[in-house]
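So this block is model35.cif, mmCIF, N, CA and C atoms:
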```cif
data_my_file
#
loop_
_atom_site.label_atom_id
_atom_site.label_comp_id
_atom_site.auth_asym_id
_atom_site.auth_seq_id
_atom_site.Cartn_x
_atom_site.Cartn_y
_atom_site.Cartn_z
N MET A 1 12.57 -7.54 -11.77
CA MET A 1 12.27 -6.36 -10.99
C MET A 1 13.02 -6.42 -9.66
N LYS A 2 13.76 -5.37 -9.37
CA LYS A 2 14.54 -5.33 -8.14
C LYS A 2 13.83 -4.59 -7.02
N LYS A 3 12.97 -3.60 -7.36
CA LYS A 3 12.23 -2.85 -6.33
C LYS A 3 10.79 -2.69 -6.77
N ILE A 4 9.91 -3.32 -6.00
CA ILE A 4 8.49 -3.29 -6.29
C ILE A 4 7.78 -2.57 -5.16
N LEU A 5 6.91 -1.64 -5.50
CA LEU A 5 6.08 -0.97 -4.51
C LEU A 5 4.72 -1.65 -4.49
N LEU A 6 4.29 -2.05 -3.30
CA LEU A 6 3.04 -2.75 -3.10
C LEU A 6 2.18 -1.97 -2.10
N PRO A 7 1.42 -0.97 -2.60
CA PRO A 7 0.52 -0.25 -1.69
C PRO A 7 -0.59 -1.18 -1.22
N THR A 8 -0.99 -1.08 0.04
CA THR A 8 -2.04 -1.94 0.55
C THR A 8 -3.01 -1.18 1.44
N ASP A 9 -4.25 -1.65 1.41
CA ASP A 9 -5.26 -1.18 2.35
C ASP A 9 -5.78 -2.37 3.15
N GLY A 10 -5.11 -3.52 3.01
CA GLY A 10 -5.49 -4.73 3.73
C GLY A 10 -6.60 -5.52 3.07
N SER A 11 -7.07 -5.10 1.92
CA SER A 11 -8.20 -5.75 1.25
C SER A 11 -7.76 -7.03 0.52
N GLU A 12 -8.76 -7.78 0.06
CA GLU A 12 -8.49 -8.99 -0.73
C GLU A 12 -7.78 -8.64 -2.04
N ASN A 13 -8.18 -7.55 -2.69
CA ASN A 13 -7.50 -7.14 -3.92
C ASN A 13 -6.03 -6.83 -3.65
N ALA A 14 -5.76 -6.19 -2.53
CA ALA A 14 -4.37 -5.88 -2.17
C ALA A 14 -3.60 -7.17 -1.91
N HIS A 15 -4.25 -8.14 -1.27
CA HIS A 15 -3.57 -9.41 -1.01
C HIS A 15 -3.25 -10.13 -2.33
N ARG A 16 -4.21 -10.12 -3.27
CA ARG A 16 -3.93 -10.72 -4.58
C ARG A 16 -2.78 -10.00 -5.27
N ALA A 17 -2.72 -8.68 -5.12
CA ALA A 17 -1.60 -7.92 -5.68
C ALA A 17 -0.29 -8.36 -5.03
N GLY A 18 -0.33 -8.63 -3.73
CA GLY A 18 0.86 -9.11 -3.02
C GLY A 18 1.32 -10.46 -3.54
N GLU A 19 0.38 -11.36 -3.79
CA GLU A 19 0.73 -12.66 -4.35
C GLU A 19 1.39 -12.50 -5.72
N TYR A 20 0.82 -11.61 -6.53
CA TYR A 20 1.37 -11.34 -7.85
C TYR A 20 2.77 -10.73 -7.76
N ALA A 21 2.94 -9.80 -6.81
CA ALA A 21 4.25 -9.16 -6.64
C ALA A 21 5.32 -10.18 -6.29
N ILE A 22 5.00 -11.10 -5.41
CA ILE A 22 5.98 -12.12 -5.03
C ILE A 22 6.31 -13.02 -6.22
N ALA A 23 5.30 -13.37 -7.01
CA ALA A 23 5.52 -14.20 -8.19
C ALA A 23 6.37 -13.48 -9.24
N GLU A 24 6.24 -12.17 -9.34
CA GLU A 24 6.95 -11.38 -10.35
C GLU A 24 8.35 -10.94 -9.92
N ALA A 25 8.61 -10.95 -8.63
CA ALA A 25 9.87 -10.41 -8.10
C ALA A 25 11.08 -11.26 -8.51
N ASP A 26 12.16 -10.57 -8.82
CA ASP A 26 13.42 -11.25 -9.09
C ASP A 26 14.03 -11.73 -7.78
N LEU A 27 14.97 -12.65 -7.89
CA LEU A 27 15.70 -13.14 -6.73
C LEU A 27 16.38 -11.97 -6.03
N GLY A 28 16.17 -11.83 -4.74
CA GLY A 28 16.78 -10.76 -3.97
C GLY A 28 16.07 -9.42 -4.07
N ALA A 29 14.90 -9.40 -4.68
CA ALA A 29 14.17 -8.15 -4.87
C ALA A 29 13.62 -7.62 -3.55
N ASP A 30 13.45 -6.31 -3.50
CA ASP A 30 12.78 -5.66 -2.38
C ASP A 30 11.33 -5.41 -2.79
N ILE A 31 10.40 -5.83 -1.93
CA ILE A 31 8.99 -5.50 -2.11
C ILE A 31 8.63 -4.59 -0.94
N ILE A 32 8.37 -3.33 -1.28
CA ILE A 32 8.01 -2.35 -0.24
C ILE A 32 6.50 -2.34 -0.10
N VAL A 33 6.03 -2.81 1.05
CA VAL A 33 4.61 -2.83 1.36
C VAL A 33 4.29 -1.50 2.02
N LEU A 34 3.47 -0.69 1.34
CA LEU A 34 3.18 0.67 1.80
C LEU A 34 1.73 0.79 2.23
N TYR A 35 1.54 1.30 3.44
CA TYR A 35 0.21 1.60 3.95
C TYR A 35 0.14 3.10 4.16
N VAL A 36 -0.84 3.74 3.53
CA VAL A 36 -0.97 5.19 3.63
C VAL A 36 -2.15 5.53 4.53
N ILE A 37 -1.88 6.34 5.53
CA ILE A 37 -2.92 6.82 6.42
C ILE A 37 -3.36 8.19 5.93
N ASP A 38 -4.61 8.26 5.50
CA ASP A 38 -5.17 9.50 4.99
C ASP A 38 -5.83 10.25 6.15
N ILE A 39 -5.11 11.24 6.69
CA ILE A 39 -5.65 11.99 7.84
C ILE A 39 -6.07 13.41 7.46
N ASP A 40 -6.08 13.71 6.18
CA ASP A 40 -6.44 15.06 5.74
C ASP A 40 -7.83 15.49 6.20
N TYR A 41 -8.78 14.55 6.18
CA TYR A 41 -10.14 14.92 6.56
C TYR A 41 -10.26 15.28 8.04
N LEU A 42 -9.27 14.88 8.86
CA LEU A 42 -9.30 15.22 10.28
C LEU A 42 -9.09 16.71 10.52
N ASN A 43 -8.49 17.39 9.57
CA ASN A 43 -8.24 18.82 9.71
C ASN A 43 -9.53 19.63 9.84
N ALA A 44 -10.65 19.06 9.41
CA ALA A 44 -11.93 19.75 9.51
C ALA A 44 -12.49 19.74 10.93
N LEU A 45 -11.93 18.89 11.78
CA LEU A 45 -12.42 18.82 13.16
C LEU A 45 -11.92 20.03 13.95
N PRO A 46 -12.81 20.70 14.67
CA PRO A 46 -12.41 21.89 15.41
C PRO A 46 -11.59 21.60 16.68
N GLN A 47 -11.80 20.45 17.29
CA GLN A 47 -11.10 20.14 18.54
C GLN A 47 -9.75 19.47 18.24
N GLN A 48 -8.69 20.14 18.64
CA GLN A 48 -7.34 19.62 18.41
C GLN A 48 -7.11 18.29 19.14
N ASP A 49 -7.61 18.18 20.39
CA ASP A 49 -7.38 16.96 21.15
C ASP A 49 -8.11 15.77 20.52
N LEU A 50 -9.30 15.96 20.01
CA LEU A 50 -10.04 14.90 19.33
C LEU A 50 -9.32 14.51 18.03
N ARG A 51 -8.86 15.51 17.30
CA ARG A 51 -8.14 15.26 16.06
C ARG A 51 -6.89 14.42 16.32
N LYS A 52 -6.15 14.76 17.38
CA LYS A 52 -4.92 14.04 17.72
C LYS A 52 -5.24 12.60 18.15
N LYS A 53 -6.30 12.44 18.92
CA LYS A 53 -6.70 11.11 19.38
C LYS A 53 -7.08 10.22 18.19
N LEU A 54 -7.87 10.76 17.26
CA LEU A 54 -8.25 10.00 16.07
C LEU A 54 -7.03 9.69 15.20
N GLU A 55 -6.14 10.65 15.07
CA GLU A 55 -4.92 10.44 14.28
C GLU A 55 -4.09 9.31 14.87
N ASN A 56 -3.92 9.30 16.19
CA ASN A 56 -3.17 8.24 16.85
C ASN A 56 -3.84 6.88 16.66
N GLY A 57 -5.17 6.87 16.72
CA GLY A 57 -5.91 5.63 16.48
C GLY A 57 -5.71 5.11 15.07
N LEU A 58 -5.72 6.01 14.10
CA LEU A 58 -5.49 5.61 12.71
C LEU A 58 -4.07 5.07 12.51
N LYS A 59 -3.10 5.66 13.18
CA LYS A 59 -1.72 5.18 13.07
C LYS A 59 -1.58 3.78 13.65
N LYS A 60 -2.20 3.55 14.80
CA LYS A 60 -2.14 2.22 15.42
C LYS A 60 -2.83 1.19 14.53
N GLU A 61 -3.97 1.57 13.97
CA GLU A 61 -4.69 0.68 13.06
C GLU A 61 -3.83 0.37 11.83
N GLY A 62 -3.15 1.39 11.29
CA GLY A 62 -2.27 1.19 10.14
C GLY A 62 -1.13 0.24 10.45
N GLU A 63 -0.52 0.39 11.61
CA GLU A 63 0.57 -0.51 12.01
C GLU A 63 0.07 -1.95 12.11
N LYS A 64 -1.11 -2.12 12.70
CA LYS A 64 -1.69 -3.46 12.83
C LYS A 64 -2.00 -4.04 11.46
N GLU A 65 -2.63 -3.25 10.60
CA GLU A 65 -3.00 -3.71 9.25
C GLU A 65 -1.79 -4.15 8.44
N ILE A 66 -0.73 -3.34 8.46
CA ILE A 66 0.43 -3.66 7.62
C ILE A 66 1.16 -4.89 8.14
N GLN A 67 1.23 -5.06 9.44
CA GLN A 67 1.88 -6.26 9.99
C GLN A 67 1.06 -7.51 9.68
N GLU A 68 -0.26 -7.42 9.79
CA GLU A 68 -1.11 -8.56 9.46
C GLU A 68 -1.02 -8.89 7.97
N PHE A 69 -0.98 -7.86 7.13
CA PHE A 69 -0.86 -8.06 5.68
C PHE A 69 0.46 -8.76 5.35
N LYS A 70 1.54 -8.27 5.93
CA LYS A 70 2.86 -8.86 5.68
C LYS A 70 2.89 -10.31 6.18
N GLN A 71 2.35 -10.56 7.35
CA GLN A 71 2.34 -11.91 7.91
C GLN A 71 1.53 -12.86 7.03
N LYS A 72 0.39 -12.39 6.55
CA LYS A 72 -0.45 -13.22 5.68
C LYS A 72 0.28 -13.56 4.39
N LEU A 73 0.97 -12.58 3.82
CA LEU A 73 1.75 -12.85 2.60
C LEU A 73 2.85 -13.87 2.88
N GLU A 74 3.57 -13.68 3.97
CA GLU A 74 4.65 -14.61 4.31
C GLU A 74 4.10 -16.01 4.55
N ASP A 75 2.99 -16.12 5.24
CA ASP A 75 2.41 -17.43 5.55
C ASP A 75 1.89 -18.14 4.31
N THR A 76 1.24 -17.40 3.41
CA THR A 76 0.61 -18.04 2.26
C THR A 76 1.51 -18.13 1.03
N GLN A 77 2.48 -17.24 0.90
CA GLN A 77 3.28 -17.19 -0.32
C GLN A 77 4.74 -17.56 -0.16
N CYS A 78 5.27 -17.47 1.00
CA CYS A 78 6.73 -17.61 1.16
C CYS A 78 7.13 -18.92 1.81
N GLU A 79 6.39 -19.96 1.53
CA GLU A 79 6.74 -21.27 2.10
C GLU A 79 7.87 -21.89 1.29
N GLY A 80 9.03 -21.32 1.38
CA GLY A 80 10.21 -21.89 0.75
C GLY A 80 10.58 -21.30 -0.60
N HIS A 81 9.62 -20.79 -1.37
CA HIS A 81 9.97 -20.36 -2.72
C HIS A 81 10.28 -18.88 -2.84
N CYS A 82 10.16 -18.12 -1.79
CA CYS A 82 10.48 -16.69 -1.91
C CYS A 82 11.33 -16.20 -0.73
N LYS A 83 12.20 -17.07 -0.27
CA LYS A 83 13.08 -16.70 0.84
C LYS A 83 13.98 -15.53 0.47
N ASN A 84 14.26 -15.36 -0.79
CA ASN A 84 15.18 -14.31 -1.22
C ASN A 84 14.48 -13.03 -1.63
N VAL A 85 13.22 -12.88 -1.24
CA VAL A 85 12.48 -11.64 -1.45
C VAL A 85 12.42 -10.93 -0.12
N ASN A 86 12.78 -9.67 -0.13
CA ASN A 86 12.82 -8.88 1.08
C ASN A 86 11.57 -8.03 1.20
N LEU A 87 10.67 -8.37 2.14
CA LEU A 87 9.45 -7.59 2.37
C LEU A 87 9.76 -6.48 3.37
N ILE A 88 9.62 -5.24 2.91
CA ILE A 88 9.88 -4.06 3.74
C ILE A 88 8.55 -3.35 3.95
N THR A 89 8.25 -2.98 5.18
CA THR A 89 6.99 -2.27 5.43
C THR A 89 7.24 -0.79 5.68
N MET A 90 6.30 0.02 5.20
CA MET A 90 6.34 1.47 5.40
C MET A 90 4.94 1.95 5.70
N ILE A 91 4.83 2.90 6.61
CA ILE A 91 3.58 3.57 6.88
C ILE A 91 3.84 5.06 6.71
N LYS A 92 3.03 5.70 5.85
CA LYS A 92 3.17 7.12 5.61
C LYS A 92 1.80 7.78 5.71
N GLU A 93 1.80 9.09 5.86
CA GLU A 93 0.57 9.86 5.96
C GLU A 93 0.42 10.78 4.76
N GLY A 94 -0.83 10.98 4.36
CA GLY A 94 -1.13 11.90 3.28
C GLY A 94 -2.21 11.35 2.37
N LYS A 95 -2.39 12.00 1.25
CA LYS A 95 -3.35 11.51 0.26
C LYS A 95 -2.71 10.31 -0.44
N PRO A 96 -3.40 9.16 -0.44
CA PRO A 96 -2.77 7.93 -0.93
C PRO A 96 -2.08 8.03 -2.28
N ALA A 97 -2.74 8.56 -3.30
CA ALA A 97 -2.10 8.62 -4.63
C ALA A 97 -0.84 9.48 -4.60
N ASP A 98 -0.91 10.61 -3.91
CA ASP A 98 0.25 11.51 -3.83
C ASP A 98 1.42 10.83 -3.11
N VAL A 99 1.11 10.14 -2.02
CA VAL A 99 2.17 9.46 -1.25
C VAL A 99 2.78 8.32 -2.06
N ILE A 100 1.94 7.58 -2.76
CA ILE A 100 2.45 6.48 -3.59
C ILE A 100 3.37 7.02 -4.68
N LEU A 101 2.96 8.07 -5.37
CA LEU A 101 3.79 8.65 -6.44
C LEU A 101 5.10 9.21 -5.89
N LYS A 102 5.05 9.84 -4.74
CA LYS A 102 6.27 10.37 -4.12
C LYS A 102 7.21 9.23 -3.70
N THR A 103 6.63 8.15 -3.17
CA THR A 103 7.44 7.02 -2.74
C THR A 103 8.13 6.35 -3.93
N ILE A 104 7.47 6.31 -5.07
CA ILE A 104 8.08 5.75 -6.28
C ILE A 104 9.40 6.46 -6.56
N ASP A 105 9.39 7.79 -6.51
CA ASP A 105 10.60 8.57 -6.77
C ASP A 105 11.63 8.41 -5.66
N GLU A 106 11.18 8.53 -4.41
CA GLU A 106 12.10 8.48 -3.26
C GLU A 106 12.83 7.14 -3.14
N GLU A 107 12.14 6.07 -3.47
CA GLU A 107 12.70 4.73 -3.26
C GLU A 107 13.30 4.11 -4.53
N GLY A 108 13.22 4.80 -5.65
CA GLY A 108 13.75 4.26 -6.90
C GLY A 108 13.02 2.99 -7.33
N ILE A 109 11.70 3.03 -7.29
CA ILE A 109 10.87 1.88 -7.59
C ILE A 109 10.91 1.55 -9.08
N ASP A 110 10.97 0.23 -9.39
CA ASP A 110 10.95 -0.25 -10.78
C ASP A 110 9.54 -0.51 -11.28
N GLN A 111 8.65 -0.91 -10.36
CA GLN A 111 7.30 -1.29 -10.75
C GLN A 111 6.37 -1.15 -9.54
N VAL A 112 5.11 -0.79 -9.81
CA VAL A 112 4.08 -0.73 -8.77
C VAL A 112 3.08 -1.83 -9.07
N ILE A 113 2.73 -2.58 -8.04
CA ILE A 113 1.70 -3.59 -8.16
C ILE A 113 0.70 -3.30 -7.05
N MET A 114 -0.56 -3.02 -7.43
CA MET A 114 -1.54 -2.63 -6.43
C MET A 114 -2.91 -3.21 -6.76
N GLY A 115 -3.73 -3.34 -5.73
CA GLY A 115 -5.10 -3.80 -5.91
C GLY A 115 -5.95 -2.69 -6.50
N LYS A 116 -6.99 -3.08 -7.22
CA LYS A 116 -7.87 -2.11 -7.88
C LYS A 116 -8.55 -1.21 -6.86
N SER A 117 -9.24 -1.80 -5.90
CA SER A 117 -9.89 -1.03 -4.86
C SER A 117 -10.35 -1.97 -3.77
N GLY A 118 -10.12 -1.58 -2.54
CA GLY A 118 -10.56 -2.40 -1.44
C GLY A 118 -11.78 -1.83 -0.76
N LYS A 119 -12.28 -0.74 -1.28
CA LYS A 119 -13.41 -0.04 -0.65
C LYS A 119 -14.73 -0.53 -1.22
N HIS A 120 -15.80 -0.21 -0.50
CA HIS A 120 -17.13 -0.63 -0.90
C HIS A 120 -18.05 0.58 -0.96
N GLY A 121 -19.14 0.45 -1.71
CA GLY A 121 -20.17 1.48 -1.76
C GLY A 121 -19.64 2.82 -2.20
N ILE A 122 -20.06 3.86 -1.49
CA ILE A 122 -19.69 5.23 -1.84
C ILE A 122 -18.19 5.46 -1.69
N GLU A 123 -17.55 4.75 -0.73
CA GLU A 123 -16.09 4.89 -0.58
C GLU A 123 -15.39 4.48 -1.86
N LYS A 124 -15.91 3.46 -2.54
CA LYS A 124 -15.28 3.00 -3.77
C LYS A 124 -15.33 4.07 -4.84
N LEU A 125 -16.45 4.79 -4.92
CA LEU A 125 -16.57 5.86 -5.90
C LEU A 125 -15.63 7.01 -5.59
N ILE A 126 -15.49 7.33 -4.30
CA ILE A 126 -14.66 8.46 -3.90
C ILE A 126 -13.18 8.08 -3.88
N LEU A 127 -12.86 6.95 -3.27
CA LEU A 127 -11.46 6.59 -3.06
C LEU A 127 -10.92 5.62 -4.10
N GLY A 128 -11.80 5.03 -4.93
CA GLY A 128 -11.36 4.07 -5.92
C GLY A 128 -10.51 4.68 -7.02
N SER A 129 -10.42 5.97 -7.04
CA SER A 129 -9.63 6.63 -8.08
C SER A 129 -8.14 6.68 -7.74
N THR A 130 -7.73 6.16 -6.58
CA THR A 130 -6.31 6.15 -6.23
C THR A 130 -5.51 5.40 -7.28
N ALA A 131 -5.95 4.20 -7.64
CA ALA A 131 -5.24 3.41 -8.64
C ALA A 131 -5.17 4.17 -9.97
N ASP A 132 -6.27 4.79 -10.34
CA ASP A 132 -6.30 5.56 -11.59
C ASP A 132 -5.29 6.70 -11.56
N ARG A 133 -5.22 7.42 -10.46
CA ARG A 133 -4.26 8.54 -10.36
C ARG A 133 -2.82 8.04 -10.37
N VAL A 134 -2.58 6.89 -9.76
CA VAL A 134 -1.23 6.33 -9.77
C VAL A 134 -0.86 5.90 -11.19
N VAL A 135 -1.76 5.22 -11.88
CA VAL A 135 -1.49 4.80 -13.25
C VAL A 135 -1.16 6.00 -14.13
N ARG A 136 -1.93 7.07 -13.98
CA ARG A 136 -1.72 8.26 -14.81
C ARG A 136 -0.45 9.04 -14.44
N GLY A 137 -0.06 9.00 -13.17
CA GLY A 137 1.05 9.82 -12.72
C GLY A 137 2.39 9.12 -12.60
N ALA A 138 2.40 7.81 -12.59
CA ALA A 138 3.65 7.08 -12.38
C ALA A 138 4.52 7.08 -13.64
N LYS A 139 5.82 7.12 -13.43
CA LYS A 139 6.79 7.06 -14.53
C LYS A 139 7.38 5.67 -14.67
N VAL A 140 6.78 4.70 -13.93
CA VAL A 140 7.19 3.31 -13.98
C VAL A 140 5.94 2.46 -14.29
N PRO A 141 6.12 1.22 -14.71
CA PRO A 141 4.96 0.37 -14.97
C PRO A 141 4.12 0.17 -13.69
N VAL A 142 2.80 0.18 -13.88
CA VAL A 142 1.88 -0.06 -12.78
C VAL A 142 0.94 -1.20 -13.18
N ASN A 143 0.93 -2.25 -12.39
CA ASN A 143 -0.01 -3.35 -12.60
C ASN A 143 -1.11 -3.23 -11.57
N VAL A 144 -2.35 -3.15 -12.03
CA VAL A 144 -3.51 -3.05 -11.14
C VAL A 144 -4.20 -4.40 -11.15
N ILE A 145 -4.29 -5.01 -9.97
CA ILE A 145 -4.84 -6.35 -9.82
C ILE A 145 -6.23 -6.27 -9.22
N SER A 146 -7.18 -7.02 -9.79
CA SER A 146 -8.53 -7.04 -9.21
C SER A 146 -8.92 -8.45 -8.83
#
```
Take the structure in the file and give it back as structure tokens.
Amino acid sequence: MKKILLPTDGSENAHRAGEYAIAEADLGADIIVLYVIDIDYLNALPQQDLRKKLENGLKKEGEKEIQEFKQKLEDTQCEGHCKNVNLITMIKEGKPADVILKTIDEEGIDQVIMGKSGKHGIEKLILGSTADRVVRGAKVPVNVIS
């Protein structure tokens, strides 16, 4: 695999998916670590200034999460055996499944490796379907790691 898409929400399942992606990657492969900020629900807020403030906070949180995720992968997985894997980070906005599917096409992805769900409780029921939508909509192999 030369181009692997690794969507993350910073969860343990996502980290396990990252470990798997590194193990599966060919020499010189690109692993695109994608963090999607879902800001659609902010549109329901009537105050524009509050909406903008929350959006900026979510973006900062996303930047922090993706850098920590990448650093953790490099620290735990890349101790000499994956020097030739290129970890690329991306942060995008939108509905996670839609953004992941669009990124597959835009980046010429060969395979998607993602965690099953990093959410808990009711969030898992509502947002846990991202992996399902990606599996159903992707035109490339998708490995879902739990």
**Prompt:** Can you list, as a count of residues only, every protein, DNA or RNA residue that comes within 6.5 Å of A:Leu5 when you count only N, CA and C atoms, leaving out same-chain residues fewer than 4 positions away?
**Reply:** 11
Using only N, CA and C atoms, which residues sit within 6 Å of stretch 51-53 of chain A once same-chain residues fewer than 4 positions away are excluded, as an mmCIF file with N, CA and C atoms, in the frame of the given file?
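Result file follows (out_35.cif):
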```cif
data_model
loop_
_atom_site.group_PDB
_atom_site.id
_atom_site.type_symbol
_atom_site.label_atom_id
_atom_site.label_comp_id
_atom_site.auth_asym_id
_atom_site.auth_seq_id
_atom_site.Cartn_x
_atom_site.Cartn_y
_atom_site.Cartn_z
ATOM 1 N N LEU A 42 -9.270 14.880 8.860
ATOM 2 C CA LEU A 42 -9.300 15.220 10.280
ATOM 3 C C LEU A 42 -9.090 16.710 10.520
ATOM 4 N N GLN A 47 -11.800 20.450 17.290
ATOM 5 C CA GLN A 47 -11.100 20.140 18.540
ATOM 6 C C GLN A 47 -9.750 19.470 18.240
ATOM 7 N N GLY A 57 -5.170 6.870 16.720
ATOM 8 C CA GLY A 57 -5.910 5.630 16.480
ATOM 9 C C GLY A 57 -5.710 5.110 15.070
#
```
**Request:** Compare A:Val140, A:Ile91, A:Leu73, A:Ala44 by their minimum atom-to-atom distance to A:Tyr20, counting only C-alpha atoms, and give me the closest one.
**Result:**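 When distances to A:Tyr20 are compared using only C-alpha atoms, the smallest one comes from A:Leu73.
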**Test item: the PyMOL selection byres (((chain A and resi 70 and name CA) around 12) and name CA) resolved as an MDAnalysis selection string** = chainID A and resid 6:10 14:15 18:19 22 31:35 63:69 71:78 86:90
Write the residues of the selection above to a file with N, CA and C atoms, as a CSV table (one decimal), in the frame of the given file.
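Wrote it out as result.csv, contents follow:
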```csv
chain,number,residue,atom,x,y,z
A,6,LEU,N,4.3,-2.0,-3.3
A,6,LEU,CA,3.0,-2.8,-3.1
A,6,LEU,C,2.2,-2.0,-2.1
A,7,PRO,N,1.4,-1.0,-2.6
A,7,PRO,CA,0.5,-0.2,-1.7
A,7,PRO,C,-0.6,-1.2,-1.2
A,8,THR,N,-1.0,-1.1,0.0
A,8,THR,CA,-2.0,-1.9,0.6
A,8,THR,C,-3.0,-1.2,1.4
A,9,ASP,N,-4.2,-1.6,1.4
A,9,ASP,CA,-5.3,-1.2,2.4
A,9,ASP,C,-5.8,-2.4,3.2
A,10,GLY,N,-5.1,-3.5,3.0
A,10,GLY,CA,-5.5,-4.7,3.7
A,10,GLY,C,-6.6,-5.5,3.1
A,14,ALA,N,-5.8,-6.2,-2.5
A,14,ALA,CA,-4.4,-5.9,-2.2
A,14,ALA,C,-3.6,-7.2,-1.9
A,15,HIS,N,-4.2,-8.1,-1.3
A,15,HIS,CA,-3.6,-9.4,-1.0
A,15,HIS,C,-3.2,-10.1,-2.3
A,18,GLY,N,-0.3,-8.6,-3.7
A,18,GLY,CA,0.9,-9.1,-3.0
A,18,GLY,C,1.3,-10.5,-3.5
A,19,GLU,N,0.4,-11.4,-3.8
A,19,GLU,CA,0.7,-12.7,-4.4
A,19,GLU,C,1.4,-12.5,-5.7
A,22,ILE,N,5.0,-11.1,-5.4
A,22,ILE,CA,6.0,-12.1,-5.0
A,22,ILE,C,6.3,-13.0,-6.2
A,31,ILE,N,10.4,-5.8,-1.9
A,31,ILE,CA,9.0,-5.5,-2.1
A,31,ILE,C,8.6,-4.6,-0.9
A,32,ILE,N,8.4,-3.3,-1.3
A,32,ILE,CA,8.0,-2.4,-0.2
A,32,ILE,C,6.5,-2.3,-0.1
A,33,VAL,N,6.0,-2.8,1.0
A,33,VAL,CA,4.6,-2.8,1.4
A,33,VAL,C,4.3,-1.5,2.0
A,34,LEU,N,3.5,-0.7,1.3
A,34,LEU,CA,3.2,0.7,1.8
A,34,LEU,C,1.7,0.8,2.2
A,35,TYR,N,1.5,1.3,3.4
A,35,TYR,CA,0.2,1.6,4.0
A,35,TYR,C,0.1,3.1,4.2
A,63,GLU,N,-0.5,0.4,11.6
A,63,GLU,CA,0.6,-0.5,12.0
A,63,GLU,C,0.1,-2.0,12.1
A,64,LYS,N,-1.1,-2.1,12.7
A,64,LYS,CA,-1.7,-3.5,12.8
A,64,LYS,C,-2.0,-4.0,11.5
A,65,GLU,N,-2.6,-3.2,10.6
A,65,GLU,CA,-3.0,-3.7,9.2
A,65,GLU,C,-1.8,-4.2,8.4
A,66,ILE,N,-0.7,-3.3,8.5
A,66,ILE,CA,0.4,-3.7,7.6
A,66,ILE,C,1.2,-4.9,8.1
A,67,GLN,N,1.2,-5.1,9.4
A,67,GLN,CA,1.9,-6.3,10.0
A,67,GLN,C,1.1,-7.5,9.7
A,68,GLU,N,-0.3,-7.4,9.8
A,68,GLU,CA,-1.1,-8.6,9.5
A,68,GLU,C,-1.0,-8.9,8.0
A,69,PHE,N,-1.0,-7.9,7.1
A,69,PHE,CA,-0.9,-8.1,5.7
A,69,PHE,C,0.5,-8.8,5.4
A,71,GLN,N,2.4,-10.6,7.4
A,71,GLN,CA,2.3,-11.9,7.9
A,71,GLN,C,1.5,-12.9,7.0
A,72,LYS,N,0.4,-12.4,6.6
A,72,LYS,CA,-0.4,-13.2,5.7
A,72,LYS,C,0.3,-13.6,4.4
A,73,LEU,N,1.0,-12.6,3.8
A,73,LEU,CA,1.8,-12.8,2.6
A,73,LEU,C,2.8,-13.9,2.9
A,74,GLU,N,3.6,-13.7,4.0
A,74,GLU,CA,4.6,-14.6,4.3
A,74,GLU,C,4.1,-16.0,4.6
A,75,ASP,N,3.0,-16.1,5.2
A,75,ASP,CA,2.4,-17.4,5.6
A,75,ASP,C,1.9,-18.1,4.3
A,76,THR,N,1.2,-17.4,3.4
A,76,THR,CA,0.6,-18.0,2.3
A,76,THR,C,1.5,-18.1,1.0
A,77,GLN,N,2.5,-17.2,0.9
A,77,GLN,CA,3.3,-17.2,-0.3
A,77,GLN,C,4.7,-17.6,-0.2
A,78,CYS,N,5.3,-17.5,1.0
A,78,CYS,CA,6.7,-17.6,1.2
A,78,CYS,C,7.1,-18.9,1.8
A,86,ASN,N,12.8,-9.7,-0.1
A,86,ASN,CA,12.8,-8.9,1.1
A,86,ASN,C,11.6,-8.0,1.2
A,87,LEU,N,10.7,-8.4,2.1
A,87,LEU,CA,9.4,-7.6,2.4
A,87,LEU,C,9.8,-6.5,3.4
A,88,ILE,N,9.6,-5.2,2.9
A,88,ILE,CA,9.9,-4.1,3.7
A,88,ILE,C,8.6,-3.4,4.0
A,89,THR,N,8.2,-3.0,5.2
A,89,THR,CA,7.0,-2.3,5.4
A,89,THR,C,7.2,-0.8,5.7
A,90,MET,N,6.3,0.0,5.2
A,90,MET,CA,6.3,1.5,5.4
A,90,MET,C,4.9,2.0,5.7
```
**A:Ala97 environment, 6.5 Å, all atoms listed in the file, sequence neighbours closer than 5 positions dropped, as a ChimeraX atom specification** = /A:102,130,133-134
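For the pair atom C of A:Glu106 and atom C of A:Asn13, the separation is 23.5 Å.
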**Item:** Distance of atom CA of A:Ile104 from atom CA of A:Glu61, expressed in Å to one decimal place
**Value:**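 Computing the Euclidean distance for atom CA of A:Glu61 and atom CA of A:Ile104 yields 23.7 Å.
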**Prompt:** Among chain A, which ones does DSSP place in strand (DSSP E), written as a PyMOL selection string?
**Reply:** chain A and resi 3-7+30-37+86-93+111-115+142-145
**Asked** For the atom pair atom N of A:Lys92 and atom CA of A:Ser146, what is the interatomic distance in Å to one decimal place?
**Response** 22.9 Å
